[in-house]
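Next comes start37.cif, with mmCIF, C-alpha atoms.
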```cif
data_my_file
loop_
_atom_site.group_PDB
_atom_site.id
_atom_site.type_symbol
_atom_site.label_atom_id
_atom_site.label_comp_id
_atom_site.auth_asym_id
_atom_site.auth_seq_id
_atom_site.Cartn_x
_atom_site.Cartn_y
_atom_site.Cartn_z
ATOM 1 C CA MET Y 1 -180.456 -18.277 96.106
ATOM 2 C CA THR Y 2 -182.864 -15.666 97.365
ATOM 3 C CA ILE Y 3 -183.302 -11.930 96.870
ATOM 4 C CA GLY Y 4 -183.955 -9.791 99.941
ATOM 5 C CA LYS Y 5 -183.788 -6.317 101.428
ATOM 6 C CA VAL Y 6 -181.665 -5.505 104.472
ATOM 7 C CA ILE Y 7 -184.124 -4.105 107.011
ATOM 8 C CA GLY Y 8 -182.018 -4.093 110.165
ATOM 9 C CA THR Y 9 -179.044 -5.312 112.130
ATOM 10 C CA VAL Y 10 -178.910 -8.037 114.777
ATOM 11 C CA VAL Y 11 -176.419 -7.566 117.621
ATOM 12 C CA CYS Y 12 -175.331 -10.526 119.778
ATOM 13 C CA THR Y 13 -172.905 -9.950 122.636
ATOM 14 C CA GLN Y 14 -172.769 -13.633 123.576
ATOM 15 C CA LYS Y 15 -172.200 -16.133 120.758
ATOM 16 C CA THR Y 16 -170.263 -19.223 119.829
ATOM 17 C CA PRO Y 17 -166.545 -18.512 119.203
ATOM 18 C CA THR Y 18 -166.830 -19.339 115.470
ATOM 19 C CA LEU Y 19 -169.163 -16.344 115.094
ATOM 20 C CA GLU Y 20 -166.892 -13.780 116.780
ATOM 21 C CA GLY Y 21 -166.452 -10.710 114.577
ATOM 22 C CA VAL Y 22 -169.347 -11.666 112.295
ATOM 23 C CA LYS Y 23 -171.966 -9.045 111.351
ATOM 24 C CA PHE Y 24 -175.604 -10.177 111.340
ATOM 25 C CA GLN Y 25 -178.285 -8.492 109.220
ATOM 26 C CA LEU Y 26 -182.054 -8.867 109.282
ATOM 27 C CA VAL Y 27 -183.198 -9.521 105.712
ATOM 28 C CA GLN Y 28 -186.746 -9.444 104.306
ATOM 29 C CA PRO Y 29 -187.139 -11.939 101.430
ATOM 30 C CA LEU Y 30 -188.509 -10.432 98.199
ATOM 31 C CA SER Y 31 -190.139 -11.866 95.095
ATOM 32 C CA PRO Y 32 -187.622 -11.790 92.219
ATOM 33 C CA SER Y 33 -190.327 -10.859 89.694
ATOM 34 C CA ASP Y 34 -191.498 -7.600 91.309
ATOM 35 C CA LEU Y 35 -189.572 -7.258 94.606
ATOM 36 C CA ALA Y 36 -192.758 -7.647 96.645
ATOM 37 C CA VAL Y 37 -192.328 -8.843 100.232
ATOM 38 C CA THR Y 38 -192.521 -12.636 100.590
ATOM 39 C CA GLY Y 39 -192.273 -14.637 103.788
ATOM 40 C CA ASN Y 40 -190.816 -13.672 107.134
ATOM 41 C CA PRO Y 41 -187.562 -11.779 107.754
ATOM 42 C CA LEU Y 42 -184.494 -13.890 108.506
ATOM 43 C CA VAL Y 43 -181.100 -13.378 110.081
ATOM 44 C CA ALA Y 44 -178.154 -13.693 107.700
ATOM 45 C CA ILE Y 45 -174.418 -13.383 108.155
ATOM 46 C CA ASP Y 46 -173.151 -10.429 106.130
ATOM 47 C CA ALA Y 47 -170.101 -11.620 104.179
ATOM 48 C CA ILE Y 48 -169.764 -8.492 102.025
ATOM 49 C CA GLY Y 49 -170.662 -5.380 104.048
ATOM 50 C CA ALA Y 50 -174.221 -4.708 102.918
ATOM 51 C CA GLY Y 51 -176.083 -1.756 104.389
ATOM 52 C CA ARG Y 52 -179.630 -1.020 105.459
ATOM 53 C CA ASN Y 53 -182.178 -0.868 102.601
ATOM 54 C CA GLU Y 54 -179.833 -2.528 100.104
ATOM 55 C CA ILE Y 55 -181.211 -5.279 97.879
ATOM 56 C CA VAL Y 56 -179.041 -8.361 98.321
ATOM 57 C CA MET Y 57 -178.623 -11.962 97.208
ATOM 58 C CA LEU Y 58 -178.607 -14.693 99.847
ATOM 59 C CA ALA Y 59 -177.326 -18.255 99.865
ATOM 60 C CA ALA Y 60 -179.077 -20.572 102.298
ATOM 61 C CA GLY Y 61 -178.782 -24.040 103.788
ATOM 62 C CA SER Y 62 -175.492 -25.889 103.379
ATOM 63 C CA SER Y 63 -174.468 -23.441 100.617
ATOM 64 C CA ALA Y 64 -174.418 -20.680 103.239
ATOM 65 C CA ARG Y 65 -171.375 -22.292 104.816
ATOM 66 C CA GLN Y 66 -169.256 -22.107 101.657
ATOM 67 C CA THR Y 67 -167.934 -18.526 101.846
ATOM 68 C CA GLN Y 68 -164.643 -17.496 103.445
ATOM 69 C CA THR Y 69 -166.623 -15.728 106.177
ATOM 70 C CA THR Y 70 -168.915 -18.665 106.958
ATOM 71 C CA ILE Y 71 -166.805 -21.788 106.441
ATOM 72 C CA ASN Y 72 -167.330 -24.133 109.398
ATOM 73 C CA THR Y 73 -169.828 -21.807 111.094
ATOM 74 C CA PRO Y 74 -173.344 -22.657 112.263
ATOM 75 C CA CYS Y 75 -175.385 -20.571 109.814
ATOM 76 C CA ASP Y 76 -178.417 -20.992 107.578
ATOM 77 C CA ALA Y 77 -178.146 -17.822 105.469
ATOM 78 C CA VAL Y 78 -175.389 -15.526 104.217
ATOM 79 C CA ILE Y 79 -175.444 -12.324 102.171
ATOM 80 C CA ILE Y 80 -173.240 -13.032 99.153
ATOM 81 C CA ALA Y 81 -173.909 -10.033 96.863
ATOM 82 C CA ILE Y 82 -175.360 -6.536 96.704
ATOM 83 C CA ILE Y 83 -177.662 -6.378 93.681
ATOM 84 C CA ASP Y 84 -177.208 -3.577 91.136
ATOM 85 C CA SER Y 85 -180.185 -4.428 88.929
ATOM 86 C CA VAL Y 86 -182.897 -7.023 88.349
ATOM 87 C CA GLU Y 87 -184.470 -7.636 84.949
ATOM 88 C CA VAL Y 88 -187.421 -9.992 84.432
ATOM 89 C CA HIS Y 89 -188.685 -10.874 80.926
ATOM 90 C CA GLY Y 90 -186.928 -7.854 79.445
ATOM 91 C CA HIS Y 91 -188.401 -5.437 82.014
ATOM 92 C CA GLU Y 92 -186.160 -3.873 84.619
ATOM 93 C CA VAL Y 93 -187.805 -4.177 88.039
ATOM 94 C CA PHE Y 94 -184.904 -2.755 90.060
ATOM 95 C CA ARG Y 95 -181.816 -0.593 89.512
ATOM 96 C CA LYS Y 96 -179.743 0.470 92.487
ATOM 97 C CA GLY Y 97 -180.089 4.185 93.203
ATOM 98 C CA GLU Y 98 -183.044 4.690 90.834
ATOM 99 C CA ALA Y 99 -186.811 4.473 91.118
ATOM 100 C CA VAL Y 100 -188.063 1.863 88.647
ATOM 101 C CA GLU Y 101 -191.642 1.957 87.343
#
```

Could the structure of this file be written out as structure tokens, please?
Amino acid sequence: MTIGKVIGTVVCTQKTPTLEGVKFQLVQPLSPSDLAVTGNPLVAIDAIGAGRNEIVMLAAGSSARQTQTTINTPCDAVIIAIIDSVEVHGHEVFRKGEAVE
């Protein structure tokens, strides 16, 4: 699983029928230790209704096709959770709605 930040929405008017009604988000992967940007943004199916700037957990690869929203769909990544907090080695690096030092 990967941690990321929702940085935008992807809109597709033409798509395969198995993706009808699916919401796509653009997600920037983040380092779990300090939430620094890592890698390039990716498109993920939003299975839970995440919003812009939320920190989320992603499943990727064949695991991405295991949710009710993504079963039997052609996808590589799916948002499976909105993160409330991240703690690393006893130090909180993120808490939703608060600035963490």

Matched chain/residue IDs from the PyMOL selection byres ((chain Y and resi 54-66) around 12), as a PyMOL selection string: chain Y and resi 1-8+18+25-32+35-37+42-53+67-86+93-97

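Taking atom CA of Glu87 of chain Y and atom CA of Ser33 of chain Y as endpoints, the distance between them is 8.2 Å.
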
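For the pair atom CA of Asn40 of chain Y and atom CA of Val11 of chain Y, the interatomic distance is 18.8 Å.
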
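With all atoms listed in the file as the basis for measurement, Y:Glu92 is the residue among Y:Val10, Y:Glu92, Y:Lys15, Y:Glu98 that approaches Asp34 of chain Y most closely.
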
Box for segment 76-94 of chain Y - axis-aligned, 3 Å on each of the six sides, all listed atoms - centre and size in Å to one decimal, as lines of an AutoDock Vina configuration file.
```
center_x = -181.0
center_y = -11.9
center_z = 93.5
size_x = 21.4
size_y = 24.2
size_z = 34.1
```

May I ask you to restore N, CA and C atoms in segment 55-67 of chain Y and write the result as a tab-separated table (two decimals), in the coordinates of the input?
```
chain	number	residue	atom	x	y	z
Y	55	ILE	N	-180.65	-4.04	98.41
Y	55	ILE	CA	-181.21	-5.28	97.88
Y	55	ILE	C	-180.03	-6.24	97.69
Y	56	VAL	N	-180.16	-7.43	98.27
Y	56	VAL	CA	-179.04	-8.36	98.32
Y	56	VAL	C	-179.44	-9.75	97.84
Y	57	MET	N	-178.43	-10.57	97.55
Y	57	MET	CA	-178.62	-11.96	97.21
Y	57	MET	C	-178.13	-12.80	98.37
Y	58	LEU	N	-178.92	-13.82	98.73
Y	58	LEU	CA	-178.61	-14.69	99.85
Y	58	LEU	C	-178.37	-16.12	99.36
Y	59	ALA	N	-177.46	-16.80	100.01
Y	59	ALA	CA	-177.33	-18.26	99.86
Y	59	ALA	C	-177.83	-18.84	101.18
Y	60	ALA	N	-178.50	-19.98	101.10
Y	60	ALA	CA	-179.08	-20.57	102.30
Y	60	ALA	C	-178.75	-22.06	102.39
Y	61	GLY	N	-179.04	-22.62	103.56
Y	61	GLY	CA	-178.78	-24.04	103.79
Y	61	GLY	C	-177.29	-24.33	103.81
Y	62	SER	N	-176.91	-25.51	103.35
Y	62	SER	CA	-175.49	-25.89	103.38
Y	62	SER	C	-174.64	-24.99	102.50
Y	63	SER	N	-175.22	-24.38	101.47
Y	63	SER	CA	-174.47	-23.44	100.62
Y	63	SER	C	-174.03	-22.20	101.39
Y	64	ALA	N	-174.75	-21.86	102.44
Y	64	ALA	CA	-174.42	-20.68	103.24
Y	64	ALA	C	-173.08	-20.84	103.95
Y	65	ARG	N	-172.63	-22.05	104.10
Y	65	ARG	CA	-171.38	-22.29	104.82
Y	65	ARG	C	-170.18	-22.46	103.87
Y	66	GLN	N	-170.30	-21.94	102.65
Y	66	GLN	CA	-169.26	-22.11	101.66
Y	66	GLN	C	-168.45	-20.84	101.37
Y	67	THR	N	-168.72	-19.74	102.07
Y	67	THR	CA	-167.93	-18.53	101.85
Y	67	THR	C	-166.75	-18.49	102.81
```
